[in-house]
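Colleague: As input, take structure-v8.cif (mmCIF, C-alpha atoms and all ligand atoms):
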```
data_data
#
loop_
_atom_site.label_atom_id
_atom_site.label_comp_id
_atom_site.auth_asym_id
_atom_site.auth_seq_id
_atom_site.Cartn_x
_atom_site.Cartn_y
_atom_site.Cartn_z
CA MET D 20 -1.12 -13.42 24.38
CA LYS D 21 2.43 -13.43 23.09
CA VAL D 22 3.46 -14.97 19.80
CA THR D 23 7.01 -15.76 18.83
CA VAL D 24 7.64 -15.88 15.12
CA ARG D 25 10.74 -17.45 13.64
CA PHE D 26 11.26 -18.13 9.99
CA LYS D 27 13.83 -20.81 9.20
CA GLU D 28 14.52 -19.82 5.63
CA PRO D 29 13.94 -16.09 5.28
CA ASP D 30 13.95 -14.42 1.87
CA ILE D 31 17.12 -12.48 1.32
CA CYS D 32 17.06 -9.15 -0.47
CA ILE D 33 19.81 -6.74 -1.27
CA ILE D 34 19.12 -3.01 -1.17
CA VAL D 35 21.58 -0.96 -3.12
CA ASN D 36 21.91 2.31 -1.27
CA LYS D 37 24.18 4.67 -3.20
CA GLU D 38 27.72 3.44 -2.53
CA LYS D 39 26.78 1.00 0.21
CA ILE D 40 25.14 -2.36 -0.19
CA VAL D 41 22.83 -3.00 2.72
CA GLU D 42 21.54 -6.50 3.25
CA LYS D 43 18.21 -7.31 4.83
CA GLU D 44 16.18 -10.45 5.43
CA ILE D 45 12.42 -10.62 5.60
CA LEU D 46 11.57 -11.70 9.12
CA ILE D 47 7.82 -11.11 9.18
CA PRO D 48 6.06 -10.97 5.80
CA ARG D 49 3.21 -8.53 5.22
CA GLU D 50 0.52 -11.26 5.23
CA THR D 51 1.62 -12.43 8.69
CA ILE D 52 1.61 -8.84 9.94
CA GLN D 53 -1.93 -8.20 8.65
CA LYS D 54 -3.24 -11.43 10.21
CA ARG D 55 -1.72 -10.63 13.59
CA VAL D 56 -2.92 -7.01 13.50
CA ALA D 57 -6.47 -8.29 12.91
CA GLU D 58 -6.13 -10.64 15.91
CA LEU D 59 -4.95 -7.79 18.15
CA ALA D 60 -7.84 -5.63 16.93
CA ASP D 61 -10.32 -8.44 17.74
CA GLN D 62 -8.95 -8.73 21.24
CA ILE D 63 -9.12 -4.97 21.82
CA SER D 64 -12.66 -4.81 20.38
CA SER D 65 -13.95 -7.42 22.81
CA ASP D 66 -12.01 -6.10 25.84
CA TYR D 67 -13.35 -2.55 25.29
CA GLU D 68 -16.92 -3.46 24.24
CA GLY D 69 -19.22 -0.58 25.29
CA LYS D 70 -16.31 1.83 25.76
CA GLU D 71 -14.62 4.36 23.50
CA PRO D 72 -10.89 4.15 24.22
CA ILE D 73 -8.37 6.75 23.08
CA LEU D 74 -5.57 5.12 21.13
CA ILE D 75 -2.33 7.06 21.41
CA GLY D 76 0.32 6.22 18.84
CA ILE D 77 3.99 6.90 19.50
CA LEU D 78 5.34 8.56 16.34
CA ASN D 79 6.93 8.00 13.85
CA GLY D 80 7.52 4.27 13.66
CA VAL D 81 3.97 3.36 14.65
CA VAL D 82 2.21 5.00 11.68
CA PHE D 83 1.41 1.97 9.50
CA PHE D 84 0.71 -0.37 12.41
CA PHE D 85 -1.50 2.27 14.03
CA ALA D 86 -3.48 2.96 10.85
CA ASP D 87 -4.04 -0.75 10.21
CA LEU D 88 -4.95 -1.51 13.82
CA VAL D 89 -7.43 1.35 14.26
CA ARG D 90 -9.25 0.40 11.05
CA GLU D 91 -9.58 -3.24 12.17
CA ILE D 92 -11.04 -2.40 15.59
CA ARG D 93 -14.82 -2.84 15.56
CA ILE D 94 -15.72 -0.42 18.37
CA PRO D 95 -15.58 3.40 18.26
CA THR D 96 -12.19 4.81 19.18
CA MET D 97 -10.50 8.20 19.27
CA ILE D 98 -6.93 8.76 18.22
CA ASP D 99 -4.05 10.99 19.19
CA PHE D 100 -0.27 10.90 18.88
CA ILE D 101 2.78 11.53 20.97
CA ARG D 102 6.38 11.75 19.91
CA ALA D 103 9.47 10.90 21.90
CA ALA D 104 13.00 11.06 20.60
CA SER D 105 15.61 8.68 21.91
CA TYR D 106 17.40 7.34 18.87
CA GLY D 107 19.79 9.39 16.77
CA SER D 108 21.21 7.93 13.60
CA LYS D 109 22.62 4.83 15.26
CA LYS D 110 21.25 1.39 16.04
CA THR D 111 21.64 1.95 19.77
CA SER D 112 19.55 4.02 22.17
CA SER D 113 20.97 7.26 23.51
CA GLY D 114 19.32 6.40 26.83
CA THR D 115 17.66 9.80 26.98
CA ILE D 116 13.98 10.25 26.24
CA ARG D 117 12.82 13.65 25.06
CA LEU D 118 9.15 14.37 24.44
CA THR D 119 8.89 16.33 21.20
CA LYS D 120 5.08 16.18 20.84
CA ASP D 121 2.53 15.77 23.63
CA VAL D 122 -1.04 14.46 23.32
CA GLU D 123 -3.54 17.14 22.38
CA MET D 124 -6.74 15.43 23.50
CA PRO D 125 -7.82 15.59 27.16
CA VAL D 126 -7.11 12.11 28.52
CA LYS D 127 -8.11 12.63 32.16
CA GLY D 128 -10.64 9.98 33.24
CA LYS D 129 -10.46 8.23 29.84
CA PRO D 130 -9.50 4.66 28.94
CA VAL D 131 -6.26 4.90 26.98
CA ILE D 132 -4.36 2.38 24.88
CA LEU D 133 -0.78 3.38 24.15
CA VAL D 134 0.40 1.98 20.82
CA GLU D 135 4.11 1.45 20.16
CA ASP D 136 5.97 -0.06 17.20
CA ILE D 137 8.79 -1.82 19.03
CA VAL D 138 9.80 -2.06 22.67
CA ASP D 139 13.56 -2.33 23.08
CA THR D 140 15.07 -1.14 26.39
CA GLY D 141 11.59 -0.10 27.56
CA LEU D 142 12.75 3.43 28.44
CA THR D 143 10.43 5.20 26.01
CA LEU D 144 7.34 3.39 27.22
CA THR D 145 8.23 3.78 30.88
CA HIS D 146 8.63 7.53 30.40
CA ILE D 147 5.36 7.94 28.48
CA VAL D 148 3.36 5.66 30.79
CA ARG D 149 4.46 7.75 33.78
CA MET D 150 3.49 10.94 31.97
CA LEU D 151 0.03 9.64 30.99
CA LYS D 152 -0.65 8.37 34.50
CA ASP D 153 0.22 11.84 35.80
CA LYS D 154 -2.47 13.21 33.49
CA GLY D 155 -5.03 11.05 35.35
CA VAL D 156 -6.11 8.51 32.72
CA GLU D 157 -8.89 6.14 33.86
CA SER D 158 -6.96 3.09 32.65
CA LEU D 159 -3.87 2.50 30.56
CA LYS D 160 -3.00 -0.52 28.46
CA ILE D 161 -0.07 -1.04 26.12
CA CYS D 162 -0.19 -2.44 22.63
CA ALA D 163 3.16 -3.08 20.92
CA LEU D 164 3.73 -4.64 17.53
CA ILE D 165 7.13 -6.05 18.53
CA ASP D 166 8.55 -6.94 21.89
CA LYS D 167 12.34 -7.17 21.46
CA LEU D 168 13.92 -8.81 24.47
CA GLU D 169 17.72 -8.57 24.16
CA ARG D 170 18.30 -5.11 25.66
CA ARG D 171 15.35 -4.72 28.05
CA ASP D 172 16.26 -2.45 30.99
CA MET D 173 12.87 -1.53 32.39
CA THR D 174 10.05 -3.89 33.26
CA VAL D 175 7.24 -3.19 30.84
CA SER D 176 3.97 -5.05 30.85
CA ILE D 177 2.63 -5.33 27.31
CA ASP D 178 -1.11 -6.08 27.22
CA TYR D 179 -1.40 -6.61 23.45
CA CYS D 180 1.77 -7.87 21.79
CA GLY D 181 2.11 -8.64 18.09
CA PHE D 182 5.38 -10.53 17.90
CA GLN D 183 8.19 -11.30 20.28
CA ILE D 184 11.79 -11.49 19.05
CA GLU D 185 15.02 -12.13 20.90
CA GLU D 186 17.35 -9.76 19.07
CA GLY D 187 18.23 -7.92 15.87
CA PHE D 188 17.66 -4.49 14.38
CA LEU D 189 14.40 -4.40 12.44
CA VAL D 190 13.29 -2.13 9.62
CA GLY D 191 10.17 -1.82 7.49
CA TYR D 192 6.43 -1.39 8.19
CA GLY D 193 7.28 1.96 9.79
CA LEU D 194 10.53 0.94 11.50
CA ASP D 195 13.58 2.85 10.34
CA TYR D 196 17.32 2.87 10.41
CA ASP D 197 18.49 6.48 10.21
CA GLU D 198 15.03 7.41 8.77
CA LYS D 199 15.41 4.88 5.95
CA TYR D 200 13.38 1.75 5.11
CA ARG D 201 10.13 2.80 6.84
CA HIS D 202 8.28 2.29 3.56
CA LEU D 203 9.09 -1.43 3.23
CA PRO D 204 5.87 -3.46 3.53
CA ASP D 205 7.50 -6.42 5.35
CA ILE D 206 9.43 -6.37 8.62
CA CYS D 207 13.07 -7.13 7.89
CA VAL D 208 16.26 -7.68 9.87
CA LEU D 209 19.05 -5.28 8.99
CA LYS D 210 22.43 -6.95 8.69
P1 LIG S 301 13.31 1.86 23.80
O1 LIG S 301 13.04 3.15 24.52
O2 LIG S 301 14.74 1.43 23.94
O3 LIG S 301 12.32 0.76 24.19
O4 LIG S 301 13.19 2.14 22.26
C1 LIG S 301 11.99 2.23 21.61
C2 LIG S 301 12.16 2.95 20.30
O5 LIG S 301 13.45 2.69 19.72
C3 LIG S 301 11.17 2.45 19.26
O6 LIG S 301 9.97 3.20 19.31
C4 LIG S 301 11.93 2.64 17.97
O7 LIG S 301 11.77 3.97 17.52
C5 LIG S 301 13.38 2.46 18.35
N1 LIG S 301 13.85 1.09 18.07
C6 LIG S 301 14.21 0.15 18.96
N2 LIG S 301 14.58 -1.00 18.34
C7 LIG S 301 14.44 -0.76 17.02
C8 LIG S 301 14.64 -1.57 15.84
O8 LIG S 301 15.01 -2.75 15.88
N3 LIG S 301 14.38 -0.96 14.67
C9 LIG S 301 13.95 0.32 14.56
N4 LIG S 301 13.73 1.10 15.62
C10 LIG S 301 13.98 0.57 16.85
#
```
Would you mind writing the structure in this file as structure tokens?
Modeller:
Amino acid sequence: MKVTVRFKEPDICIIVNKEKIVEKEILIPRETIQKRVAELADQISSDYEGKEPILIGILNGVVFFFADLVREIRIPTMIDFIRAASYGSKKTSSGTIRLTKDVEMPVKGKPVILVEDIVDTGLTLTHIVRMLKDKGVESLKICALIDKLERRDMTVSIDYCGFQIEEGFLVGYGLDYDEKYRHLPDICVLK
């Protein structure tokens, strides 16, 4: 199920960052995130009843979402992480995906749920999905906190989607801009 969230009158905050003033707006407040994460966890718990899926988080942006999701799921799960680099210090993708950390757990013949923070062009997911399928997983589903539509290049089928947005560069709740703002508890739009 996909949910589109739009807030008509977002809170506006100003972050003073050394010389620069960076403006951000809260797009998805923490309470809304927690509620949606619990709904996704419910759905996963009932879909995987009687199974023990391996949840694979794509580092680093996924950390807070992953930790919250795993702890809300009511069935036993196992966890592992993968890391792919595609973004440098800019707001745009370099278009190249480089795997910098592979999964460590054997995934052959196992039900796997790949957990991503935000899907933008879809290149990262496409690359990792192909790699996990090559490892012979029993089944593979995708859970993404945010499905951002504006720059989608690759067709990606998201099985569990938190929020869908049209455009914008988001920070907070693990999402960064140049490694900054990951710590913010709400998801914000960077201006
Ligand atoms: P894709 O390969 O273009 O789909 O990019 C996915 C990755 O790009 C995500 O895992 C994030 O690390 C990063 N990314 C894409 N959009 C945003 C954003 O709005 N804020 C922060 N990171 C983003």
Colleague: Dump as CSV the rows for residues of chain D within 9 Å of ligand LIG 301 (chain S): closest atom pair and distance in Å with one decimal, all atoms listed in the file counted, ordered by chain and rising residue number.
Modeller:
```
residue,atom,partner,partner_atom,distance
D:Ile77,CA,S:LIG301,O6,7.0
D:Leu78,CA,S:LIG301,O6,7.7
D:Asn79,CA,S:LIG301,O7,7.3
D:Gly80,CA,S:LIG301,O7,5.7
D:Val81,CA,S:LIG301,O6,7.6
D:Ala103,CA,S:LIG301,O6,8.1
D:Ala104,CA,S:LIG301,O7,7.8
D:Ser105,CA,S:LIG301,O1,6.6
D:Tyr106,CA,S:LIG301,O5,6.2
D:Lys110,CA,S:LIG301,C7,7.2
D:Thr111,CA,S:LIG301,C6,7.7
D:Ser112,CA,S:LIG301,O2,5.7
D:Ser113,CA,S:LIG301,O2,8.5
D:Gly114,CA,S:LIG301,O2,7.4
D:Thr115,CA,S:LIG301,O1,8.5
D:Ile116,CA,S:LIG301,O1,7.4
D:Glu135,CA,S:LIG301,O6,6.2
D:Asp136,CA,S:LIG301,O6,5.6
D:Ile137,CA,S:LIG301,C3,4.9
D:Val138,CA,S:LIG301,O3,4.1
D:Asp139,CA,S:LIG301,O3,3.5
D:Thr140,CA,S:LIG301,O2,3.6
D:Gly141,CA,S:LIG301,O3,3.6
D:Leu142,CA,S:LIG301,O1,3.9
D:Thr143,CA,S:LIG301,O1,3.6
D:Leu144,CA,S:LIG301,O1,6.3
D:Thr145,CA,S:LIG301,O1,8.0
D:His146,CA,S:LIG301,O1,8.6
D:Ile165,CA,S:LIG301,O8,8.9
D:Asp166,CA,S:LIG301,O3,8.9
D:Lys167,CA,S:LIG301,N2,7.3
D:Arg170,CA,S:LIG301,O2,7.6
D:Arg171,CA,S:LIG301,O3,7.4
D:Asp172,CA,S:LIG301,O2,8.2
D:Met173,CA,S:LIG301,O3,8.5
D:Glu186,CA,S:LIG301,O8,8.0
D:Gly187,CA,S:LIG301,O8,6.1
D:Phe188,CA,S:LIG301,O8,3.5
D:Leu189,CA,S:LIG301,O8,3.9
D:Val190,CA,S:LIG301,N3,5.3
D:Gly191,CA,S:LIG301,C9,8.3
D:Gly193,CA,S:LIG301,C9,8.4
D:Leu194,CA,S:LIG301,C9,4.6
D:Asp195,CA,S:LIG301,C9,4.9
D:Tyr196,CA,S:LIG301,C9,5.9
D:Asp197,CA,S:LIG301,C9,8.8
D:Arg201,CA,S:LIG301,C9,9.0
D:Val208,CA,S:LIG301,O8,7.9
D:Leu209,CA,S:LIG301,O8,8.4
```
Colleague: Nearest to Ile147 (chain D): which of D:Gly181, D:Asp61, D:Gly76, D:Lys129 is it, counting all atoms listed in the file?
Modeller: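 Going through D:Gly181, D:Asp61, D:Gly76, D:Lys129 one by one, the smallest distance to Ile147 (chain D) is for D:Gly76.
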Colleague: Around (-1.6, -6.4, 21.6) in the file's frame, which residues reach within 10 Å when counting only C-alpha atoms? Return as a list in words?
Modeller: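 The residues near that point, listed by chain and number, are Met20, Lys21, Arg55, Val56, Glu58, Leu59, Ala60, Asp61, Gln62, Ile63, Leu88, Ile132, Val134, Glu135, Lys160, Ile161, Cys162, Ala163, Leu164, Ile165, Ile177, Asp178, Tyr179, Cys180, Gly181 and Phe182 of chain D.
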Colleague: Assuming 4 Å of padding per side, give the centre and edge lengths of the axis-aligned box around every listed atom of region 145-155 of chain D, in Å to one decimal and as lines of an AutoDock Vina configuration file.
Modeller:
```
center_x = 1.8
center_y = 8.5
center_z = 32.1
size_x = 21.7
size_y = 17.4
size_z = 15.3
```
Colleague: State, in Å with one decimal place, the distance from CA of Ile52 (chain D) to CA of Tyr192 (chain D).
Modeller: 9.0 Å
Colleague: Please report the interatomic distance between CA of Leu203 (chain D) and CA of Asp121 (chain D) in Å with one decimal.
Modeller: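 Computed distance, CA of Leu203 (chain D) to CA of Asp121 (chain D), equals 27.5 Å.
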Colleague: Can you tell me how far CA of Asp205 (chain D) sits from CA of Val131 (chain D), in Å to one decimal?
Modeller: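 If I compute the distance from CA of Asp205 (chain D) to CA of Val131 (chain D), I get 28.0 Å.
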Colleague: For Pro130 (chain D), please output as a PDB file with C-alpha atoms, in the coordinates of the input all residues within 7 Å (counting all atoms listed in the file; exclusion window: fewer than 5 positions along the same chain).
Modeller:
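Result written to around15.pdb:
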```
ATOM      1  CA  PRO D  72     -10.890   4.150  24.220  1.00  0.00           C
ATOM      2  CA  ILE D  73      -8.370   6.750  23.080  1.00  0.00           C
ATOM      3  CA  VAL D 156      -6.110   8.510  32.720  1.00  0.00           C
ATOM      4  CA  GLU D 157      -8.890   6.140  33.860  1.00  0.00           C
ATOM      5  CA  SER D 158      -6.960   3.090  32.650  1.00  0.00           C
ATOM      6  CA  LEU D 159      -3.870   2.500  30.560  1.00  0.00           C
TER       7      LEU D 159
END
```
Colleague: Determine, counting all atoms listed in the file, every residue of protein, DNA or RNA that lies within 9 Å of (-5.9, 12.5, 25.6) in the file coordinates, then give the result as a ChimeraX atom specification.
Modeller: /D:73-75,97-100,122-127,129,131,151,154,156
Colleague: Using only C-alpha atoms, which residue out of D:Ile184, D:Leu133, D:Val82, D:Val89 lies closest to His202 (chain D)?
Modeller: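 Closest to His202 (chain D) of all the choices is D:Val82.
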